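Below is one structure; the comments refer to it alone.
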Amino acid sequence: MNEIEEAVADAHRREWAFVLAATARVTGDLDLAEECVQDAYLAALDAWTRDGVPGKPGAWLTRTATRKALDLLRRDRVFRAKLPLLVELDVEPDPDMSLTDEPDEIPDDRLRLIFTCCHPALAREAQVALTLRLVCGVATPDISRAFLVSETTMAARLTRAKKKIAAARIPYRVPGAADLPERLDAVLSVIHLLYTTGHTAPSGAGLVRADLVDRAVELARMLLALMPDEPEVRGLLALLLLTDARRAARTDAEGRLVLLEDQDRSLWDRAAIAEGRDLAVAAFRTGRVGRYAVQAAIASLHAVTPTDWPQVVGLYDLLLRIWPSPVVALNRAVAVAMVEGPEKALAEVARLAADDRLAGYHYLPAVRADLLRRLSRFGEAADAYRAAIALADNEAEREFLESRLAEVSG
Amino acid sequence: MPQYAVIIHSPAPADPAALTPDYLALLERYPAQVEELGGKEIAGFALEASTTATSVRGDVVTDGPFAEAKEVVAGFFVLEAPDLDVALAVAKLNPACLDGGVEVRPLFAWAPDGRA
C-alpha cells in the first residue's frame, strides 16, 4: 500500500460515518448517499495522488460526495420520486452550502445516522448489519462473513432495512430527551452485540474475530466523543476495553481457551485496563450507573490480583437490581462460589436451572460441572460437562470442556 | 405527510359490543391524545366480532376470520403523522395494547411531499 492508499484507507476508517451522515442529509436517501460516498473514496485516490492529501480529508470527501449527489439529483429527476429520507433540520437549509469550496463547518450528523440504524422498529439483526454497513463502512461481503450468512442474505437484509427506513418514515434524527434512554440503550446493545460476536464467535474455530471487536471499540469511542455526558456510554467503552485488554491471554498458542485464573497476566493490555478503569470510575461518579458501568466495574476488579470476590458479589447484587437477568444471576453464583464455597453456589445454580430462559444456555451446565468438580463429585460433574459440550458451539470452548471432562473421568 | 394504517388486534372474537366500560373510557380519551402527539386520524373503522367473518380462499368459502388466531383484527384507522416515531407513540397509547396489540404499517403511494 503506498502513502496515498494508506491515507484513503485511514480516511475510510476515521471519516466514513461523518461523510455518509452529512451526505445523507443532502441526498435524503441512504442508498444514494452510500453510492456517492463510495465514489468519493474512489475519486480520492486519483485526486490525492495528483494534488496531495487535503488538510481535512473528511471535509474533502463530504464535498465530493455531496457534489456527486447533487449532480445525480439534478440530472435524474427519478430520484425525486423515491421516498426521501426524513431529515429533521435543526437549521434552515442552505442550498448553496454544500457547493461552496470551504464551508465553515459541515454539521456532524453521525448521531442521526447511528440512531436511525438502531431504530427499535428495525430487527436487531438489521440494526447490527446497518450499523456495520452505514456507520462503520464495512463492505457487505465482510459483514456476511462475520455473521456466517451468505452475501445474498446479508445484501437482502440491508436492502430490506433501508427500504423500511424510507417507506415507514423512520426519522433521520437524534431522539428527544423523553425517548433517549430507551433509544440509547438500543444503540449500546448493538455495539455490545458486535463486540460479543467478535469476542466469542458463536461458532467456528477462532475465538476472537478481531475486526468486529475493533469496530465495536471504535464505535463506543465515537459514541462517547459524541455523547460525553452519558454515563452508560462511558460504561460500555470501559467494559469493552477491560474485557478486550485480556484478548491476548484468553487463548494459548494452540488457540485453546485459557481461564481467567490461569491467564498469563503479563499479556494483559495494562493501558487499556487503566483507561477502562478510569472510565468506569467516572461513570460511577455521576451517580447514574447502569448495567454497562457495573459490568465494567466487575471487569476492573477481575483485572487486579488478588480479586476482591466479596466486592464482586456486591456488584453483581447491584447489577441484578438494575438488570434482573438469569445470566447475571448465574455469573453471581460463580462469584458466590469464591466467597462462600461451591456448595452454596451449587444451590443457586440448581434454582436457576428451573428458569426456562436459561434452557439451552451452555454456561449453565458448564458452571454446574465446574462446581461439582471442585466438590470432587466427579460422576455428576462428568454428566454436566457432557451436557455443556452438547450445547456449546464454539470450538475453543468445547475443547476446553472436553479436557475438563477427561480430567474428571480419569 | 406520511399516512399509516394502524391495525387493531384484540383477543378473539373482538366483539365491540362486549367492550368494558374501562376500555370505552380509554377510547374516549384517545382522539385527543392522538392530536396532542401530533397525529391526525383520517378515517377509522371498528369491525363486528370475528365470529361474523367469512373467509374466501380460492373458491372455498369458510366461516370465520382468515387465520385462526388468539387475536383477530378488531378494526383499523388511518393515521397521518410526521414520522414513524409519532405513529408509534400514538400506537402505544391505543387501549388495544393492553390485551392485544396494534400493527403500524405505512400506506402505499402517498404523494411524496418533498423533504420534510
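Every chain in the C-alpha cells takes a letter, A first, then B, and so on in the order presented; its residues are numbered from 1, and the ligands are numbered from 1 following the presented order.
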
Can you tell me, as a count of residues only, what residues are no more than 6 Å from A:Arg234 when counting only C-alpha atoms, ignoring any on the same chain fewer than 3 positions away?
3

Please tabulate, as a tab-separated table, the residues of chain B that come within 6 Å of chain A, each with its closest pair of atoms and the distance in Å to one decimal, counting only C-alpha atoms and ordering rows by chain, then residue number upward.
```
residue	atom	partner	partner_atom	distance
B:Asp83	CA	A:Arg169	CA	5.2
B:Leu84	CA	A:Ile170	CA	5.2
B:Pro106	CA	A:Ala168	CA	5.4
```

Might you pull out every residue within 7 Å of stretch 6-15 of chain B, with only C-alpha atoms counted and same-chain residues fewer than 2 positions away left off, and present them as a PyMOL selection string?
chain B and resi 4+17-18+48-51+70-79+96+99-105

Take the residues that were just selected and, keeping N, CA and C atoms, output them as a compact mmCIF listing (two decimals), in the first residue's frame.
```txt
# COMPACT_ATOMS: atom_id res chain seq x y z
N TYR B 4 -50.36 6.16 7.83
CA TYR B 4 -50.18 4.79 8.28
C TYR B 4 -51.53 4.15 8.54
N ALA B 17 -69.34 -4.98 21.01
CA ALA B 17 -70.44 -4.84 21.96
C ALA B 17 -70.04 -5.29 23.36
N ALA B 18 -68.92 -6.03 23.43
CA ALA B 18 -68.50 -6.58 24.72
C ALA B 18 -67.39 -5.75 25.37
N GLU B 48 -67.30 -5.74 13.32
CA GLU B 48 -68.14 -6.65 14.10
C GLU B 48 -67.25 -7.81 14.59
N ALA B 49 -67.76 -8.58 15.53
CA ALA B 49 -67.00 -9.69 16.10
C ALA B 49 -66.50 -10.62 14.98
N SER B 50 -65.34 -11.25 15.22
CA SER B 50 -64.74 -12.11 14.18
C SER B 50 -65.61 -13.34 13.90
N THR B 51 -66.55 -13.63 14.81
CA THR B 51 -67.47 -14.75 14.56
C THR B 51 -68.41 -14.45 13.40
N LYS B 70 -55.26 -16.39 18.29
CA LYS B 70 -55.71 -15.93 19.60
C LYS B 70 -56.26 -14.50 19.48
N GLU B 71 -55.59 -13.73 18.61
CA GLU B 71 -56.04 -12.36 18.40
C GLU B 71 -56.53 -12.18 16.95
N VAL B 72 -57.52 -11.34 16.81
CA VAL B 72 -58.06 -11.09 15.48
C VAL B 72 -58.10 -9.58 15.23
N VAL B 73 -58.22 -9.22 13.95
CA VAL B 73 -58.33 -7.80 13.64
C VAL B 73 -59.66 -7.29 14.16
N ALA B 74 -59.60 -6.24 14.95
CA ALA B 74 -60.82 -5.69 15.55
C ALA B 74 -61.22 -4.39 14.87
N GLY B 75 -60.28 -3.81 14.11
CA GLY B 75 -60.58 -2.55 13.45
C GLY B 75 -59.29 -1.92 12.96
N PHE B 76 -59.41 -0.77 12.36
CA PHE B 76 -58.20 -0.08 11.92
C PHE B 76 -58.52 1.38 11.72
N PHE B 77 -57.51 2.19 11.75
CA PHE B 77 -57.72 3.58 11.36
C PHE B 77 -56.53 4.07 10.56
N VAL B 78 -56.77 5.11 9.79
CA VAL B 78 -55.70 5.71 9.00
C VAL B 78 -55.20 6.91 9.78
N LEU B 79 -53.90 6.88 10.03
CA LEU B 79 -53.28 7.92 10.85
C LEU B 79 -52.33 8.73 9.99
N ALA B 96 -55.95 -1.00 22.87
CA ALA B 96 -55.82 -2.38 22.41
C ALA B 96 -54.50 -2.99 22.85
N ASP B 99 -54.53 -5.59 25.99
CA ASP B 99 -54.81 -7.04 25.96
C ASP B 99 -54.53 -7.65 24.57
N GLY B 100 -54.14 -6.82 23.62
CA GLY B 100 -53.82 -7.32 22.29
C GLY B 100 -52.63 -6.55 21.77
N GLY B 101 -52.79 -5.92 20.64
CA GLY B 101 -51.69 -5.12 20.11
C GLY B 101 -52.11 -4.42 18.84
N VAL B 102 -51.25 -3.56 18.34
CA VAL B 102 -51.58 -2.89 17.08
C VAL B 102 -50.41 -3.03 16.12
N GLU B 103 -50.72 -3.05 14.84
CA GLU B 103 -49.68 -3.07 13.81
C GLU B 103 -49.72 -1.72 13.12
N VAL B 104 -48.54 -1.13 12.97
CA VAL B 104 -48.45 0.16 12.29
C VAL B 104 -47.80 -0.10 10.94
N ARG B 105 -48.49 0.27 9.89
CA ARG B 105 -47.97 -0.06 8.56
C ARG B 105 -48.18 1.11 7.62
```

All alpha helix (DSSP H) positions in stretch 132-334 of chain A, as a ChimeraX atom specification:
/A:140-146,151-167,180-199,210-226,231-244,247-250,270-285,291-302,309-322,326-334

Using only C-alpha atoms, which residues sit within 9 Å of B:Leu37 once same-chain residues fewer than 5 positions away are excluded, as a list in words?
Ala32, Ala81, Val86, Ala87, Ala89 and Val90 of chain B

Only C-alpha atoms, please: the residues just picked out, written as a short mmCIF file (atom, residue, chain, number, x, y, z; two decimals), in the first residue's frame.
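Output (again-v9.cif):
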```cif
data_model
loop_
_atom_site.label_atom_id
_atom_site.label_comp_id
_atom_site.auth_asym_id
_atom_site.auth_seq_id
_atom_site.Cartn_x
_atom_site.Cartn_y
_atom_site.Cartn_z
CA ALA B 32 -57.41 13.98 22.00
CA ALA B 81 -48.23 11.51 11.36
CA VAL B 86 -45.03 9.84 16.24
CA ALA B 87 -47.04 6.97 14.72
CA ALA B 89 -46.21 6.88 20.14
CA VAL B 90 -49.84 7.06 19.02
#
```

What is the atom CA of A:Ile322-atom CA of A:Pro310 distance in Å, reported with one decimal?
18.8 Å

Using only C-alpha atoms, which residues sit within 9 Å of stretch 284-291 of chain A once same-chain residues fewer than 4 positions away are excluded, as a PDB file with all heavy atoms, in the first residue's frame?
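Output below, filename result10.pdb:
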```pdb
ATOM      1  N   PRO A 231     -23.435   8.489  31.102  1.00  0.00           N
ATOM      2  CA  PRO A 231     -22.594   7.549  31.855  1.00  0.00           C
ATOM      3  C   PRO A 231     -22.582   6.137  31.273  1.00  0.00           C
ATOM      4  O   PRO A 231     -21.572   5.447  31.345  1.00  0.00           O
ATOM      5  CB  PRO A 231     -23.211   7.541  33.261  1.00  0.00           C
ATOM      6  CG  PRO A 231     -24.409   8.402  33.226  1.00  0.00           C
ATOM      7  CD  PRO A 231     -24.453   9.129  31.938  1.00  0.00           C
ATOM      8  N   GLU A 232     -23.685   5.713  30.671  1.00  0.00           N
ATOM      9  CA  GLU A 232     -23.699   4.354  30.144  1.00  0.00           C
ATOM     10  C   GLU A 232     -22.823   4.184  28.903  1.00  0.00           C
ATOM     11  O   GLU A 232     -22.336   3.094  28.615  1.00  0.00           O
ATOM     12  CB  GLU A 232     -25.141   3.897  29.857  1.00  0.00           C
ATOM     13  CG  GLU A 232     -25.804   3.268  31.063  1.00  0.00           C
ATOM     14  CD  GLU A 232     -25.141   1.970  31.529  1.00  0.00           C
ATOM     15  OE1 GLU A 232     -24.099   2.065  32.204  1.00  0.00           O
ATOM     16  OE2 GLU A 232     -25.646   0.896  31.219  1.00  0.00           O
ATOM     17  N   GLY A 235     -19.651   3.706  30.415  1.00  0.00           N
ATOM     18  CA  GLY A 235     -19.637   2.360  30.986  1.00  0.00           C
ATOM     19  C   GLY A 235     -19.387   1.303  29.924  1.00  0.00           C
ATOM     20  O   GLY A 235     -18.608   0.370  30.131  1.00  0.00           O
ATOM     21  N   LEU A 236     -20.035   1.464  28.773  1.00  0.00           N
ATOM     22  CA  LEU A 236     -19.852   0.467  27.708  1.00  0.00           C
ATOM     23  C   LEU A 236     -18.412   0.466  27.206  1.00  0.00           C
ATOM     24  O   LEU A 236     -17.798  -0.594  27.067  1.00  0.00           O
ATOM     25  CB  LEU A 236     -20.812   0.728  26.549  1.00  0.00           C
ATOM     26  CG  LEU A 236     -20.643  -0.237  25.367  1.00  0.00           C
ATOM     27  CD1 LEU A 236     -21.034  -1.657  25.755  1.00  0.00           C
ATOM     28  CD2 LEU A 236     -21.438   0.207  24.149  1.00  0.00           C
ATOM     29  N   LEU A 279     -12.599   5.166  33.126  1.00  0.00           N
ATOM     30  CA  LEU A 279     -13.927   5.427  32.564  1.00  0.00           C
ATOM     31  C   LEU A 279     -15.019   4.892  33.487  1.00  0.00           C
ATOM     32  O   LEU A 279     -16.050   5.538  33.691  1.00  0.00           O
ATOM     33  CB  LEU A 279     -14.051   4.778  31.180  1.00  0.00           C
ATOM     34  CG  LEU A 279     -13.308   5.450  30.033  1.00  0.00           C
ATOM     35  CD1 LEU A 279     -13.163   4.490  28.861  1.00  0.00           C
ATOM     36  CD2 LEU A 279     -14.059   6.711  29.597  1.00  0.00           C
ATOM     37  N   ALA A 280     -14.809   3.704  34.033  1.00  0.00           N
ATOM     38  CA  ALA A 280     -15.805   3.104  34.926  1.00  0.00           C
ATOM     39  C   ALA A 280     -15.972   3.965  36.174  1.00  0.00           C
ATOM     40  O   ALA A 280     -17.094   4.225  36.624  1.00  0.00           O
ATOM     41  CB  ALA A 280     -15.397   1.681  35.308  1.00  0.00           C
ATOM     42  N   GLN A 295     -21.005  -3.649  35.006  1.00  0.00           N
ATOM     43  CA  GLN A 295     -20.237  -4.760  34.433  1.00  0.00           C
ATOM     44  C   GLN A 295     -18.772  -4.361  34.260  1.00  0.00           C
ATOM     45  O   GLN A 295     -17.868  -5.172  34.450  1.00  0.00           O
ATOM     46  CB  GLN A 295     -20.816  -5.175  33.078  1.00  0.00           C
ATOM     47  CG  GLN A 295     -22.142  -5.882  33.180  1.00  0.00           C
ATOM     48  CD  GLN A 295     -22.678  -6.259  31.804  1.00  0.00           C
ATOM     49  OE1 GLN A 295     -22.374  -7.295  31.259  1.00  0.00           O
ATOM     50  NE2 GLN A 295     -23.469  -5.366  31.228  1.00  0.00           N
ATOM     51  N   ALA A 296     -18.551  -3.091  33.889  1.00  0.00           N
ATOM     52  CA  ALA A 296     -17.171  -2.613  33.738  1.00  0.00           C
ATOM     53  C   ALA A 296     -16.464  -2.629  35.087  1.00  0.00           C
ATOM     54  O   ALA A 296     -15.298  -3.030  35.179  1.00  0.00           O
ATOM     55  CB  ALA A 296     -17.164  -1.204  33.145  1.00  0.00           C
ATOM     56  N   ALA A 297     -17.194  -2.224  36.134  1.00  0.00           N
ATOM     57  CA  ALA A 297     -16.591  -2.228  37.469  1.00  0.00           C
ATOM     58  C   ALA A 297     -16.206  -3.648  37.864  1.00  0.00           C
ATOM     59  O   ALA A 297     -15.131  -3.890  38.429  1.00  0.00           O
ATOM     60  CB  ALA A 297     -17.567  -1.633  38.484  1.00  0.00           C
ATOM     61  N   LEU A 318     -25.906  -5.453  42.842  1.00  0.00           N
ATOM     62  CA  LEU A 318     -26.335  -4.175  42.263  1.00  0.00           C
ATOM     63  C   LEU A 318     -26.787  -4.380  40.816  1.00  0.00           C
ATOM     64  O   LEU A 318     -27.836  -3.869  40.394  1.00  0.00           O
ATOM     65  CB  LEU A 318     -25.162  -3.177  42.319  1.00  0.00           C
ATOM     66  CG  LEU A 318     -25.341  -1.833  41.617  1.00  0.00           C
ATOM     67  CD1 LEU A 318     -26.509  -1.054  42.206  1.00  0.00           C
ATOM     68  CD2 LEU A 318     -24.059  -1.004  41.712  1.00  0.00           C
ATOM     69  N   LEU A 319     -26.011  -5.164  40.068  1.00  0.00           N
ATOM     70  CA  LEU A 319     -26.335  -5.425  38.663  1.00  0.00           C
ATOM     71  C   LEU A 319     -27.692  -6.121  38.534  1.00  0.00           C
ATOM     72  O   LEU A 319     -28.490  -5.796  37.652  1.00  0.00           O
ATOM     73  CB  LEU A 319     -25.223  -6.265  38.019  1.00  0.00           C
ATOM     74  CG  LEU A 319     -25.315  -6.519  36.516  1.00  0.00           C
ATOM     75  CD1 LEU A 319     -25.407  -5.217  35.738  1.00  0.00           C
ATOM     76  CD2 LEU A 319     -24.115  -7.328  36.031  1.00  0.00           C
ATOM     77  N   LEU A 320     -27.949  -7.077  39.440  1.00  0.00           N
ATOM     78  CA  LEU A 320     -29.228  -7.800  39.392  1.00  0.00           C
ATOM     79  C   LEU A 320     -30.406  -6.865  39.641  1.00  0.00           C
ATOM     80  O   LEU A 320     -31.489  -7.067  39.092  1.00  0.00           O
ATOM     81  CB  LEU A 320     -29.240  -8.909  40.440  1.00  0.00           C
ATOM     82  CG  LEU A 320     -28.834 -10.307  39.954  1.00  0.00           C
ATOM     83  CD1 LEU A 320     -28.840 -11.281  41.117  1.00  0.00           C
ATOM     84  CD2 LEU A 320     -29.758 -10.811  38.851  1.00  0.00           C
ATOM     85  N   ILE A 322     -30.469  -3.633  38.793  1.00  0.00           N
ATOM     86  CA  ILE A 322     -30.635  -2.824  37.582  1.00  0.00           C
ATOM     87  C   ILE A 322     -31.141  -3.679  36.422  1.00  0.00           C
ATOM     88  O   ILE A 322     -31.914  -3.244  35.586  1.00  0.00           O
ATOM     89  CB  ILE A 322     -29.280  -2.206  37.164  1.00  0.00           C
ATOM     90  CG1 ILE A 322     -28.700  -1.354  38.281  1.00  0.00           C
ATOM     91  CG2 ILE A 322     -29.429  -1.381  35.894  1.00  0.00           C
ATOM     92  CD1 ILE A 322     -27.279  -0.903  37.990  1.00  0.00           C
ATOM     93  N   TRP A 323     -30.659  -4.898  36.375  1.00  0.00           N
ATOM     94  CA  TRP A 323     -30.875  -5.749  35.201  1.00  0.00           C
ATOM     95  C   TRP A 323     -31.159  -7.163  35.666  1.00  0.00           C
ATOM     96  O   TRP A 323     -30.266  -8.006  35.704  1.00  0.00           O
ATOM     97  CB  TRP A 323     -29.607  -5.691  34.338  1.00  0.00           C
ATOM     98  CG  TRP A 323     -29.667  -6.431  33.060  1.00  0.00           C
ATOM     99  CD1 TRP A 323     -30.750  -6.695  32.282  1.00  0.00           C
ATOM    100  CD2 TRP A 323     -28.537  -7.006  32.366  1.00  0.00           C
ATOM    101  NE1 TRP A 323     -30.380  -7.388  31.162  1.00  0.00           N
ATOM    102  CE2 TRP A 323     -29.041  -7.586  31.192  1.00  0.00           C
ATOM    103  CE3 TRP A 323     -27.168  -7.080  32.628  1.00  0.00           C
ATOM    104  CZ2 TRP A 323     -28.211  -8.247  30.275  1.00  0.00           C
ATOM    105  CZ3 TRP A 323     -26.351  -7.722  31.723  1.00  0.00           C
ATOM    106  CH2 TRP A 323     -26.867  -8.295  30.560  1.00  0.00           C
TER     107      TRP A 323
END
```
